[in-house]
Amino acid sequence: MEANKKGVILCLISAFCYALGPIIGKLLFHIGLPWRVVAPVRGMIPALLIFLYALFFARHVFQIKREHLKWFILNGLSFGFISVCNYCSIYYINASVATVLLYTLPVFTVILGRFMLKEKFTVPKIIATTLVFIGIVCIINLSHMDAIAAQPDLYILGIPSVVFGILIGLMSGLLSAFYTIFTRRLNESYDGWTVNSWCYFLGFPVFLCVGAKPIATFAWEPKLALFLFLMSLVGLAAYSLYALSMHYIDAGKASLLVTLDPVMSVTMSVLILHEKLSAVQFVGCLLVAAGILFMEKGANWLARLRPPRDKTEREGDKAS
């Protein structure tokens, strides 16, 4: 019981750290740091720290099979672009909405899983996907779209920045679905520490390509560098605590607890950043959170709702 409690606490702290990332990112944007600096540095610093830790204390991380290398590469690239897209989205729209759009991954995972892993559409998956889809429609809320724009009068590639931010936010959700599928494949052969470490290693080139020039030309101040370094440590803590929690609780329970991330993020966005959501957009956030939760626990809930079968029916099932 004590081990279970420890795992739950570690996982909840991890979810809080994940939720804190977009808030700190938004605050850094407010004081002048561009997203092409924040997103890459946030990924590169943990990658370097994890590499040094693995080099000196966990060299088994480097022991992977050549035939699995392509999956590690695809997983690492997905991981890198997820972070870039997510923080780009946060730069142009509300952090609360961008975070919720990132967690549309269950919808994309169900669709991709059907074609890539030959997984069947089940009733819980269909219900969860429907909830998330309706939630997205409510969040986008065309009649109040400008309310979630960080820079309403700005245009990116000829389209309003708010539309661009929403599209990039949805892209982060799609990439997260690919990341989930690739991770699932790799977890069959490797522990979570190895898989997640390689995500940072192979995501590093993505961060470097996106951020090399902006980082080199940015007018750095010690205070800004310190804030960004601390933000990177928060991201590293989120990842490390989540991996550590699975030593005490199973992966299913850990993944369920981490889904509190968007709820925490939306709450802190309202309280700390004073972001405002319309009633419809708030309902949309709740629907997305409900869909994520139902994806994890829906099968158990539906099983409880089924009427108990009589003894004769159960014996007939056994005979068949």
# chains A, B, ... in the order shown; residues from 1 in each chain; ligands from 1
>>> residues_around(residues="segment 66-76 of chain A", least_positions_apart="2", cutoff="10 Å", atoms="only C-alpha atoms", output="PDB file with C-alpha atoms, in the first residue's frame")
ATOM      1  CA  GLN A  63      22.075  -0.977 -25.688  1.00  0.00           C
ATOM      2  CA  ILE A  64      19.415  -1.103 -28.383  1.00  0.00           C
ATOM      3  CA  SER A  78       7.778  12.863 -33.158  1.00  0.00           C
ATOM      4  CA  PHE A  79       8.778  13.845 -29.628  1.00  0.00           C
ATOM      5  CA  GLY A  80      10.858  16.796 -30.852  1.00  0.00           C
ATOM      6  CA  PHE A  81       8.174  18.174 -33.143  1.00  0.00           C
ATOM      7  CA  ILE A  82       5.466  17.717 -30.476  1.00  0.00           C
ATOM      8  CA  LEU A 175       2.154  13.913 -33.554  1.00  0.00           C
ATOM      9  CA  SER A 176       1.438  12.784 -29.993  1.00  0.00           C
ATOM     10  CA  PHE A 178       2.251   8.807 -33.585  1.00  0.00           C
ATOM     11  CA  TYR A 179       4.511   9.116 -30.537  1.00  0.00           C
ATOM     12  CA  THR A 180       2.101   6.969 -28.507  1.00  0.00           C
ATOM     13  CA  ILE A 181       2.018   4.245 -31.153  1.00  0.00           C
ATOM     14  CA  PHE A 182       5.801   4.187 -31.638  1.00  0.00           C
ATOM     15  CA  THR A 183       6.320   4.144 -27.853  1.00  0.00           C
ATOM     16  CA  ARG A 185       5.947  -0.747 -30.029  1.00  0.00           C
ATOM     17  CA  LEU A 186       9.233   0.014 -28.266  1.00  0.00           C
ATOM     18  CA  SER A 189      11.264  -4.671 -25.925  1.00  0.00           C
ATOM     19  CA  VAL A 195      12.575   4.608 -24.585  1.00  0.00           C
ATOM     20  CA  ASN A 196      12.114   8.073 -23.098  1.00  0.00           C
ATOM     21  CA  SER A 197      15.848   8.782 -22.991  1.00  0.00           C
ATOM     22  CA  TRP A 198      16.151   8.082 -26.701  1.00  0.00           C
ATOM     23  CA  CYS A 199      13.243  10.446 -27.310  1.00  0.00           C
ATOM     24  CA  TYR A 200      15.403  13.258 -25.965  1.00  0.00           C
ATOM     25  CA  PHE A 201      18.542  12.048 -27.745  1.00  0.00           C
ATOM     26  CA  LEU A 202      16.878  11.876 -31.170  1.00  0.00           C
ATOM     27  CA  GLY A 203      14.680  14.902 -30.551  1.00  0.00           C
ATOM     28  CA  PHE A 204      17.832  16.973 -29.998  1.00  0.00           C
ATOM     29  CA  PRO A 205      18.509  17.490 -33.765  1.00  0.00           C
ATOM     30  CA  VAL A 206      14.960  18.843 -34.148  1.00  0.00           C
TER      31      VAL A 206
END
>>> closest_atom_pairs(of="segment 146-215 of chain A", to="segment 14-36 of chain A", cutoff="9 Å", atoms="only C-alpha atoms", output="Markdown table")
| residue | atom | partner | partner_atom | distance |
| --- | --- | --- | --- | --- |
| A:Phe207 | CA | A:Arg36 | CA | 8.9 |
| A:Val210 | CA | A:Arg36 | CA | 6.4 |
| A:Gly211 | CA | A:Arg36 | CA | 5.4 |
| A:Ala212 | CA | A:Arg36 | CA | 8.9 |
| A:Pro214 | CA | A:Arg36 | CA | 6.4 |
| A:Ile215 | CA | A:Arg36 | CA | 7.8 |
>>> write_last_selection(atoms="C-alpha atoms", output="PDB file, in the first residue's frame")
ATOM      1  CA  PHE A 207      15.476  21.315 -31.317  1.00  0.00           C
ATOM      2  CA  VAL A 210      14.630  24.993 -35.033  1.00  0.00           C
ATOM      3  CA  GLY A 211      16.517  26.986 -32.423  1.00  0.00           C
ATOM      4  CA  ALA A 212      20.179  27.270 -33.474  1.00  0.00           C
ATOM      5  CA  PRO A 214      17.402  32.309 -32.814  1.00  0.00           C
ATOM      6  CA  ILE A 215      19.352  31.117 -29.763  1.00  0.00           C
TER       7      ILE A 215
END
>>> closest_atom_pairs(of="segment 80-112 of chain A", to="segment 261-278 of chain A", cutoff="12 Å", atoms="only C-alpha atoms", output="CSV")
residue,atom,partner,partner_atom,distance
A:Ile90,CA,A:Ser269,CA,11.2
A:Ile93,CA,A:Glu275,CA,10.1
A:Asn94,CA,A:Glu275,CA,6.8
A:Ala95,CA,A:Ser269,CA,6.5
A:Ser96,CA,A:Val266,CA,4.5
A:Val97,CA,A:Val266,CA,7.6
A:Ala98,CA,A:Pro262,CA,9.5
A:Thr99,CA,A:Pro262,CA,6.0
A:Val100,CA,A:Pro262,CA,5.8
A:Leu101,CA,A:Pro262,CA,9.3
A:Leu102,CA,A:Pro262,CA,8.8
A:Tyr103,CA,A:Pro262,CA,7.4
A:Thr104,CA,A:Pro262,CA,10.5
>>> select_by_dssp(residues="segment 147-200 of chain A", states="strand (DSSP E or B)", output="PyMOL selection string")
chain A and resi 149+155-156+159-160
>>> closest_residue(among="A:Leu293, A:Val283, A:Met44, A:Val84", to="Ser172 of chain A", atoms="only C-alpha atoms")
A:Val84
>>> closest_residue(among="A:Ile134, A:Ala219, A:Cys88, A:Leu233", to="Val162 of chain A", atoms="only C-alpha atoms")
A:Cys88
>>> select_by_dssp(residues="segment 72-160 of chain A", states="alpha helix (DSSP H)", output="compact mmCIF listing (two decimals) with N, CA and C atoms, in the first residue's frame")
# COMPACT_ATOMS: atom_id res chain seq x y z
N PHE A 72 13.00 4.00 -32.96
CA PHE A 72 13.54 5.01 -32.05
C PHE A 72 13.65 6.37 -32.76
N ILE A 73 14.09 6.35 -34.02
CA ILE A 73 14.23 7.60 -34.78
C ILE A 73 12.86 8.26 -34.98
N LEU A 74 11.88 7.46 -35.41
CA LEU A 74 10.54 8.00 -35.62
C LEU A 74 9.95 8.54 -34.32
N ASN A 75 10.20 7.81 -33.23
CA ASN A 75 9.69 8.24 -31.93
C ASN A 75 10.36 9.54 -31.48
N GLY A 76 11.68 9.62 -31.65
CA GLY A 76 12.41 10.82 -31.25
C GLY A 76 12.02 12.04 -32.07
N LEU A 77 11.85 11.86 -33.38
CA LEU A 77 11.43 12.98 -34.23
C LEU A 77 10.03 13.45 -33.85
N SER A 78 9.14 12.50 -33.59
CA SER A 78 7.78 12.86 -33.16
C SER A 78 7.84 13.66 -31.86
N PHE A 79 8.64 13.18 -30.92
CA PHE A 79 8.78 13.85 -29.63
C PHE A 79 9.28 15.28 -29.80
N GLY A 80 10.30 15.46 -30.64
CA GLY A 80 10.86 16.80 -30.85
C GLY A 80 9.85 17.75 -31.45
N PHE A 81 9.14 17.30 -32.47
CA PHE A 81 8.17 18.17 -33.14
C PHE A 81 6.93 18.43 -32.29
N ILE A 82 6.59 17.48 -31.40
CA ILE A 82 5.47 17.72 -30.48
C ILE A 82 5.75 18.95 -29.62
N SER A 83 6.94 19.00 -29.02
CA SER A 83 7.31 20.12 -28.16
C SER A 83 7.34 21.43 -28.94
N VAL A 84 7.92 21.39 -30.15
CA VAL A 84 8.01 22.60 -30.97
C VAL A 84 6.62 23.10 -31.32
N CYS A 85 5.74 22.20 -31.79
CA CYS A 85 4.38 22.59 -32.17
C CYS A 85 3.57 23.10 -30.97
N ASN A 86 3.74 22.41 -29.84
CA ASN A 86 2.99 22.80 -28.65
C ASN A 86 3.34 24.21 -28.19
N TYR A 87 4.64 24.53 -28.13
CA TYR A 87 5.04 25.85 -27.65
C TYR A 87 4.82 26.93 -28.70
N CYS A 88 4.85 26.55 -29.97
CA CYS A 88 4.46 27.50 -31.02
C CYS A 88 2.98 27.85 -30.86
N SER A 89 2.16 26.85 -30.59
CA SER A 89 0.73 27.08 -30.39
C SER A 89 0.48 27.95 -29.17
N ILE A 90 1.20 27.67 -28.08
CA ILE A 90 1.05 28.47 -26.85
C ILE A 90 1.42 29.93 -27.10
N TYR A 91 2.35 30.16 -28.00
CA TYR A 91 2.79 31.53 -28.31
C TYR A 91 1.68 32.34 -28.97
N TYR A 92 0.85 31.69 -29.79
CA TYR A 92 -0.15 32.41 -30.58
C TYR A 92 -1.56 32.38 -30.00
N ALA A 95 -2.68 29.53 -23.43
CA ALA A 95 -1.99 28.31 -22.99
C ALA A 95 -2.98 27.21 -22.64
N SER A 96 -4.13 27.59 -22.07
CA SER A 96 -5.13 26.59 -21.69
C SER A 96 -5.65 25.85 -22.91
N VAL A 97 -5.97 26.58 -23.97
CA VAL A 97 -6.51 25.96 -25.18
C VAL A 97 -5.44 25.13 -25.88
N ALA A 98 -4.22 25.67 -25.97
CA ALA A 98 -3.12 24.95 -26.63
C ALA A 98 -2.85 23.62 -25.93
N THR A 99 -2.90 23.61 -24.60
CA THR A 99 -2.66 22.38 -23.85
C THR A 99 -3.75 21.36 -24.10
N VAL A 100 -5.00 21.83 -24.13
CA VAL A 100 -6.11 20.91 -24.38
C VAL A 100 -6.02 20.34 -25.80
N LEU A 101 -5.62 21.17 -26.77
CA LEU A 101 -5.47 20.68 -28.15
C LEU A 101 -4.39 19.61 -28.23
N LEU A 102 -3.32 19.77 -27.45
CA LEU A 102 -2.28 18.74 -27.40
C LEU A 102 -2.86 17.41 -26.97
N LEU A 105 -4.87 13.87 -28.58
CA LEU A 105 -4.19 12.68 -29.10
C LEU A 105 -5.03 11.40 -29.03
N PRO A 106 -5.97 11.22 -28.05
CA PRO A 106 -6.77 9.99 -28.08
C PRO A 106 -7.55 9.81 -29.38
N VAL A 107 -8.07 10.92 -29.93
CA VAL A 107 -8.82 10.83 -31.18
C VAL A 107 -7.91 10.32 -32.30
N PHE A 108 -6.76 10.95 -32.44
CA PHE A 108 -5.83 10.55 -33.48
C PHE A 108 -5.26 9.16 -33.23
N THR A 109 -5.04 8.81 -31.96
CA THR A 109 -4.49 7.49 -31.63
C THR A 109 -5.46 6.38 -32.03
N VAL A 110 -6.75 6.59 -31.78
CA VAL A 110 -7.77 5.60 -32.15
C VAL A 110 -7.79 5.41 -33.66
N ILE A 111 -7.75 6.52 -34.40
CA ILE A 111 -7.81 6.43 -35.86
C ILE A 111 -6.54 5.78 -36.42
N LEU A 112 -5.38 6.25 -35.96
CA LEU A 112 -4.12 5.68 -36.45
C LEU A 112 -3.95 4.24 -36.01
N GLY A 113 -4.39 3.93 -34.77
CA GLY A 113 -4.28 2.57 -34.26
C GLY A 113 -5.07 1.58 -35.09
N ARG A 114 -6.17 2.06 -35.65
CA ARG A 114 -7.00 1.18 -36.49
C ARG A 114 -6.25 0.77 -37.75
N PHE A 115 -5.49 1.70 -38.33
CA PHE A 115 -4.82 1.42 -39.60
C PHE A 115 -3.39 0.90 -39.41
N MET A 116 -2.69 1.38 -38.36
CA MET A 116 -1.30 0.98 -38.18
C MET A 116 -1.14 -0.27 -37.33
N VAL A 123 -16.61 0.33 -28.25
CA VAL A 123 -17.60 1.31 -27.79
C VAL A 123 -16.94 2.39 -26.93
N PRO A 124 -16.08 2.04 -25.95
CA PRO A 124 -15.42 3.09 -25.16
C PRO A 124 -14.59 4.04 -26.03
N LYS A 125 -13.89 3.50 -27.03
CA LYS A 125 -13.08 4.35 -27.91
C LYS A 125 -13.96 5.30 -28.71
N ILE A 126 -15.08 4.79 -29.20
CA ILE A 126 -15.98 5.63 -30.01
C ILE A 126 -16.57 6.74 -29.14
N ILE A 127 -17.00 6.40 -27.92
CA ILE A 127 -17.57 7.40 -27.02
C ILE A 127 -16.52 8.46 -26.66
N ALA A 128 -15.31 8.00 -26.30
CA ALA A 128 -14.24 8.92 -25.92
C ALA A 128 -13.88 9.84 -27.09
N THR A 129 -13.76 9.26 -28.28
CA THR A 129 -13.41 10.06 -29.46
C THR A 129 -14.48 11.09 -29.75
N THR A 130 -15.75 10.71 -29.60
CA THR A 130 -16.85 11.65 -29.84
C THR A 130 -16.82 12.80 -28.85
N LEU A 131 -16.56 12.48 -27.57
CA LEU A 131 -16.48 13.53 -26.55
C LEU A 131 -15.35 14.52 -26.87
N VAL A 132 -14.19 13.99 -27.25
CA VAL A 132 -13.05 14.86 -27.55
C VAL A 132 -13.34 15.71 -28.78
N PHE A 133 -13.95 15.11 -29.81
CA PHE A 133 -14.26 15.85 -31.04
C PHE A 133 -15.23 17.00 -30.77
N ILE A 134 -16.30 16.71 -30.01
CA ILE A 134 -17.26 17.77 -29.67
C ILE A 134 -16.57 18.85 -28.84
N GLY A 135 -15.68 18.42 -27.93
CA GLY A 135 -14.94 19.37 -27.12
C GLY A 135 -14.08 20.31 -27.97
N ILE A 136 -13.42 19.75 -29.00
CA ILE A 136 -12.59 20.58 -29.88
C ILE A 136 -13.45 21.61 -30.60
N VAL A 137 -14.61 21.19 -31.09
CA VAL A 137 -15.51 22.11 -31.78
C VAL A 137 -15.92 23.25 -30.85
N CYS A 138 -16.21 22.91 -29.59
CA CYS A 138 -16.59 23.94 -28.61
C CYS A 138 -15.42 24.88 -28.31
N ILE A 139 -14.21 24.34 -28.22
CA ILE A 139 -13.04 25.15 -27.90
C ILE A 139 -12.74 26.13 -29.03
N ILE A 140 -12.78 25.63 -30.26
CA ILE A 140 -12.50 26.51 -31.40
C ILE A 140 -13.55 27.62 -31.48
>>> atom_distance(atom1="atom CA of Lys6 of chain A", atom2="atom CA of Leu236 of chain A")
19.1 Å
>>> residues_around(residues="Tyr248 of chain A", least_positions_apart="2", cutoff="6 Å", atoms="only C-alpha atoms", output="PDB file with C-alpha atoms, in the first residue's frame")
ATOM      1  CA  ALA A   3       4.463   1.714  -2.555  1.00  0.00           C
ATOM      2  CA  ASN A   4       1.151   2.442  -4.281  1.00  0.00           C
ATOM      3  CA  GLY A   7       3.717   5.994  -6.950  1.00  0.00           C
ATOM      4  CA  SER A 245       6.304   6.424 -10.558  1.00  0.00           C
ATOM      5  CA  MET A 246       5.964   3.331 -12.765  1.00  0.00           C
TER       6      MET A 246
END
>>> residues_around(residues="Val41 of chain A", least_positions_apart="2", cutoff="8 Å", atoms="only C-alpha atoms", output="JSON, numbers by chain")
{"A": [37, 38, 39, 43, 44, 45, 207, 211, 228, 229, 232]}
>>> closest_residue(among="A:Ala216, A:Asn300, A:Tyr190, A:Pro40", to="Phe62 of chain A", atoms="only C-alpha atoms")
A:Tyr190
